[in-house]
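Since the structure comes first, as structure tokens, the remarks are kept for the end.
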Amino acid sequence: MEFKTILFYIFSVVTVLAALRVITARNPVHAALFLVLAFFNVAGLWMLLQAEFLSLVLIMVYVGAVMVLFLFVVMMLDINIEQVRQGFWKNLPLGALVGGFMVAEMAMVLSGRYFGLANLPPQNLPANASNTKDLARVLYTDYAYPFEIASVILLVAIIAAVMLTLRRRKDNKAMHPADQIAVKSKDRMRLVKMAPEVELPAPAAKGEQA
């Protein structure tokens, strides 16, 4: 058995175990850390496939930025585990049915003719080959429209997530930028003319007059 094959099995086993722990861990912080472990092992698999750009992007973008943000948000939230687990057994049959369909679809895709050894790209690349340039050329020429559609879908998902989690409080005080821009100097300050007031000295006490 070659060394690359041994690394492939190690990365694959650790990835599967880490993915299982993501959905079975009781602590959300532990689940996020297991997801980081899964990302690292997937990056190793991509490195074995000579996709160095995708491997480094996965580590820098997802592990370095996205997962750190996830961990920060999860640790800042006060998550009630018992409330989250309510209705688990009630929704288990439907979830198992959907999961079974997903497993069947993945099995059909992975066992089809699109993922055979004959359809995989050759691994013996020349020394001056750049998979980053090849990926960019294919992404922005043949798949330009799907790439733009995916970006629009992600933008809509971000806006929807913000609007769903937005809570409008009635006790907060805030200024609208439009009102701040439309304000004038006479609305901020007003000069008032008042007559001067003369303070009379207080009358002296009887003891002081004597």
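Within each chain, counting starts at residue 1; across the structure tokens, chains are named A, B, ... in the order shown, with ligands numbered 1 upward in that order.
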Please provide as a tab-separated table (two decimals) with N, CA and C atoms, in the first residue's frame all residues within 12 Å of A:Val42, with the sequence filter that same-chain residues fewer than 5 positions apart are discarded (counting only C-alpha atoms).
chain	number	residue	atom	x	y	z
A	7	LEU	N	-2.50	7.83	3.84
A	7	LEU	CA	-2.97	9.15	4.25
A	7	LEU	C	-4.43	9.37	3.88
A	8	PHE	N	-4.83	8.85	2.72
A	8	PHE	CA	-6.23	8.99	2.30
A	8	PHE	C	-7.17	8.32	3.30
A	9	TYR	N	-6.85	7.11	3.71
A	9	TYR	CA	-7.71	6.41	4.67
A	9	TYR	C	-7.71	7.09	6.03
A	10	ILE	N	-6.57	7.62	6.45
A	10	ILE	CA	-6.51	8.31	7.75
A	10	ILE	C	-7.38	9.57	7.71
A	11	PHE	N	-7.20	10.38	6.67
A	11	PHE	CA	-7.99	11.61	6.55
A	11	PHE	C	-9.49	11.30	6.42
A	12	SER	N	-9.81	10.26	5.68
A	12	SER	CA	-11.22	9.92	5.47
A	12	SER	C	-11.88	9.47	6.77
A	13	VAL	N	-11.20	8.60	7.51
A	13	VAL	CA	-11.78	8.08	8.76
A	13	VAL	C	-11.96	9.21	9.77
A	14	VAL	N	-10.94	10.06	9.91
A	14	VAL	CA	-11.05	11.16	10.87
A	14	VAL	C	-12.13	12.15	10.45
A	15	THR	N	-12.27	12.38	9.15
A	15	THR	CA	-13.32	13.29	8.66
A	15	THR	C	-14.71	12.75	8.98
A	16	VAL	N	-14.93	11.47	8.74
A	16	VAL	CA	-16.24	10.87	9.02
A	16	VAL	C	-16.54	10.90	10.52
A	18	ALA	N	-15.29	12.95	12.78
A	18	ALA	CA	-15.51	14.34	13.20
A	18	ALA	C	-16.87	14.85	12.76
A	19	ALA	N	-17.30	14.46	11.56
A	19	ALA	CA	-18.63	14.87	11.09
A	19	ALA	C	-19.73	14.25	11.95
A	35	LEU	N	-16.14	20.37	13.89
A	35	LEU	CA	-16.28	20.82	12.50
A	35	LEU	C	-14.97	21.39	11.98
A	36	VAL	N	-14.23	22.08	12.82
A	36	VAL	CA	-12.90	22.56	12.43
A	36	VAL	C	-11.98	21.39	12.11
A	37	LEU	N	-12.03	20.33	12.92
A	37	LEU	CA	-11.24	19.13	12.65
A	37	LEU	C	-11.63	18.50	11.32
A	47	MET	N	-5.45	18.25	-0.69
A	47	MET	CA	-4.01	18.35	-0.96
A	47	MET	C	-3.52	17.08	-1.64
A	48	LEU	N	-4.06	15.94	-1.24
A	48	LEU	CA	-3.68	14.69	-1.93
A	48	LEU	C	-4.16	14.68	-3.38
A	49	LEU	N	-5.24	15.36	-3.68
A	49	LEU	CA	-5.74	15.45	-5.06
A	49	LEU	C	-5.07	16.56	-5.85
A	51	ALA	N	-5.06	19.69	-5.29
A	51	ALA	CA	-5.86	20.92	-5.33
A	51	ALA	C	-5.41	21.81	-4.18
A	52	GLU	N	-4.19	22.37	-4.32
A	52	GLU	CA	-3.61	23.13	-3.23
A	52	GLU	C	-4.38	24.40	-2.95
A	54	LEU	N	-7.66	25.08	-3.30
A	54	LEU	CA	-8.87	24.80	-2.54
A	54	LEU	C	-8.55	24.41	-1.10
A	55	SER	N	-7.49	23.68	-0.92
A	55	SER	CA	-7.10	23.25	0.43
A	55	SER	C	-6.73	24.44	1.30
A	56	LEU	N	-5.91	25.34	0.76
A	56	LEU	CA	-5.50	26.51	1.54
A	56	LEU	C	-6.66	27.47	1.78
A	57	VAL	N	-7.53	27.62	0.78
A	57	VAL	CA	-8.69	28.49	0.95
A	57	VAL	C	-9.62	27.93	2.02
A	58	LEU	N	-9.79	26.62	2.06
A	58	LEU	CA	-10.65	26.01	3.08
A	58	LEU	C	-10.12	26.29	4.48
A	59	ILE	N	-8.79	26.22	4.65
A	59	ILE	CA	-8.21	26.45	5.97
A	59	ILE	C	-8.26	27.94	6.33
A	62	TYR	N	-12.54	29.24	5.88
A	62	TYR	CA	-13.53	28.60	6.75
A	62	TYR	C	-13.01	28.40	8.16
A	63	VAL	N	-11.81	27.83	8.28
A	63	VAL	CA	-11.27	27.59	9.62
A	63	VAL	C	-10.80	28.88	10.25
Atom CA of A:Thr24 to atom CA of A:Trp89 measures 14.6 Å
Practice prompt. Could you tell me how far atom CA of A:Leu33 lies from atom CA of A:Met60, in Å and to one decimal?
Written response: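 Spanning atom CA of A:Leu33 to atom CA of A:Met60 is a straight-line distance of 15.4 Å.
Straight-line separation from atom CA of A:Leu154 to atom CA of A:Ile23: 23.4 Å.
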Mind the document's chain letters and residue numbers, and return as a compact mmCIF listing (two decimals) with C-alpha atoms, in the first residue's frame the residues of stretch 4-210 of chain A that DSSP labels alpha helix (DSSP H).
# COMPACT_ATOMS: atom_id res chain seq x y z
CA LYS A 4 -0.75 8.40 -0.26
CA THR A 5 -3.31 5.64 0.15
CA ILE A 6 -2.56 5.39 3.88
CA LEU A 7 -2.97 9.15 4.25
CA PHE A 8 -6.23 8.99 2.30
CA TYR A 9 -7.71 6.41 4.67
CA ILE A 10 -6.51 8.31 7.75
CA PHE A 11 -7.99 11.61 6.55
CA SER A 12 -11.22 9.92 5.47
CA VAL A 13 -11.78 8.08 8.76
CA VAL A 14 -11.05 11.16 10.87
CA THR A 15 -13.32 13.29 8.66
CA VAL A 16 -16.24 10.87 9.02
CA LEU A 17 -15.79 10.57 12.77
CA ALA A 18 -15.51 14.34 13.20
CA ALA A 19 -18.63 14.87 11.09
CA LEU A 20 -20.54 12.40 13.25
CA ARG A 21 -19.41 14.17 16.40
CA VAL A 22 -20.60 17.50 14.96
CA ILE A 23 -24.21 16.28 14.99
CA THR A 24 -23.98 14.15 18.14
CA PRO A 28 -22.27 23.42 20.78
CA VAL A 29 -18.67 24.58 21.29
CA HIS A 30 -17.42 21.00 21.02
CA ALA A 31 -19.51 20.54 17.85
CA ALA A 32 -17.90 23.61 16.29
CA LEU A 33 -14.42 22.35 17.21
CA PHE A 34 -15.17 18.96 15.63
CA LEU A 35 -16.28 20.82 12.50
CA VAL A 36 -12.90 22.56 12.43
CA LEU A 37 -11.24 19.13 12.65
CA ALA A 38 -13.37 17.91 9.75
CA PHE A 39 -12.35 20.94 7.67
CA PHE A 40 -8.67 20.26 8.31
CA ASN A 41 -8.96 16.66 7.19
CA VAL A 42 -10.92 17.60 4.06
CA ALA A 43 -8.17 20.09 3.28
CA GLY A 44 -5.70 17.22 3.57
CA LEU A 45 -7.76 15.17 1.11
CA TRP A 46 -7.77 18.06 -1.36
CA MET A 47 -4.01 18.35 -0.96
CA LEU A 48 -3.68 14.69 -1.93
CA GLU A 52 -3.61 23.13 -3.23
CA PHE A 53 -5.61 26.29 -3.79
CA LEU A 54 -8.87 24.80 -2.54
CA SER A 55 -7.10 23.25 0.43
CA LEU A 56 -5.50 26.51 1.54
CA VAL A 57 -8.69 28.49 0.95
CA MET A 67 -15.44 28.98 12.23
CA VAL A 68 -13.82 31.52 14.56
CA LEU A 69 -16.92 33.67 14.09
CA PHE A 70 -19.14 30.64 14.75
CA LEU A 71 -17.27 29.85 17.95
CA PHE A 72 -17.51 33.46 19.10
CA VAL A 73 -21.26 33.58 18.46
CA VAL A 74 -21.90 30.17 20.05
CA MET A 75 -19.94 31.08 23.19
CA MET A 76 -21.74 34.43 23.47
CA ILE A 81 -29.96 22.61 25.48
CA GLU A 82 -33.13 21.20 27.02
CA GLN A 83 -35.31 23.60 25.04
CA VAL A 84 -33.46 22.74 21.83
CA PHE A 88 -36.65 15.47 19.10
CA TRP A 89 -38.36 12.07 19.22
CA LYS A 90 -41.50 13.54 17.71
CA ASN A 91 -39.65 14.77 14.60
CA LEU A 92 -37.28 11.79 14.40
CA PRO A 93 -39.28 9.73 11.82
CA LEU A 94 -39.50 12.64 9.37
CA GLY A 95 -35.82 13.47 9.88
CA ALA A 96 -34.83 9.83 9.36
CA LEU A 97 -36.89 9.70 6.15
CA VAL A 98 -35.24 12.84 4.76
CA GLY A 99 -31.81 11.57 5.81
CA GLY A 100 -32.47 8.25 4.09
CA PHE A 101 -33.37 10.03 0.86
CA MET A 102 -30.16 12.07 1.07
CA VAL A 103 -28.05 8.96 1.66
CA ALA A 104 -29.72 7.23 -1.30
CA GLU A 105 -29.06 10.23 -3.55
CA MET A 106 -25.41 10.40 -2.53
CA ALA A 107 -25.02 6.66 -3.11
CA MET A 108 -26.54 7.00 -6.59
CA VAL A 109 -24.22 9.89 -7.45
CA LEU A 110 -21.06 8.29 -6.08
CA ASN A 131 -4.63 24.54 -10.74
CA THR A 132 -5.57 27.98 -9.47
CA LYS A 133 -5.40 29.40 -13.00
CA ASP A 134 -7.29 26.43 -14.41
CA LEU A 135 -9.97 26.73 -11.74
CA ALA A 136 -10.39 30.46 -12.35
CA ARG A 137 -10.57 29.97 -16.11
CA VAL A 138 -13.30 27.33 -15.83
CA LEU A 139 -15.17 29.19 -13.08
CA ALA A 144 -19.89 32.27 -14.87
CA TYR A 145 -23.69 32.38 -14.64
CA PRO A 146 -23.99 29.61 -11.99
CA PHE A 147 -21.28 31.38 -10.00
CA GLU A 148 -23.19 34.67 -10.08
CA ILE A 149 -26.47 32.92 -9.24
CA ALA A 150 -24.82 31.23 -6.25
CA SER A 151 -23.54 34.61 -5.03
CA VAL A 152 -27.04 36.11 -5.31
CA ILE A 153 -28.52 33.15 -3.39
CA LEU A 154 -25.94 33.60 -0.62
CA LEU A 155 -26.71 37.32 -0.46
CA VAL A 156 -30.43 36.61 -0.13
CA ALA A 157 -29.69 34.04 2.59
CA ILE A 158 -27.63 36.58 4.54
CA ILE A 159 -30.36 39.21 4.31
CA ALA A 160 -33.02 36.66 5.30
CA ALA A 161 -30.98 35.53 8.32
CA VAL A 162 -30.53 39.12 9.48
CA MET A 163 -34.24 39.90 9.08
CA LEU A 164 -35.33 36.71 10.86
CA THR A 165 -33.08 37.33 13.85
CA PRO A 177 -29.44 58.97 9.66
CA ALA A 178 -31.98 60.73 7.43
CA ASP A 179 -33.17 62.86 10.36
CA GLN A 180 -29.58 63.69 11.31
CA ILE A 181 -28.76 64.85 7.78
CA SER A 185 -28.76 74.91 12.80
CA LYS A 186 -31.91 76.74 13.93
CA ASP A 187 -33.35 73.38 15.05
CA ARG A 188 -30.32 72.71 17.23
CA LYS A 206 -32.28 90.90 64.64
CA GLY A 207 -29.19 89.78 66.45
CA GLU A 208 -26.94 91.13 63.74
CA GLN A 209 -28.67 94.59 63.77
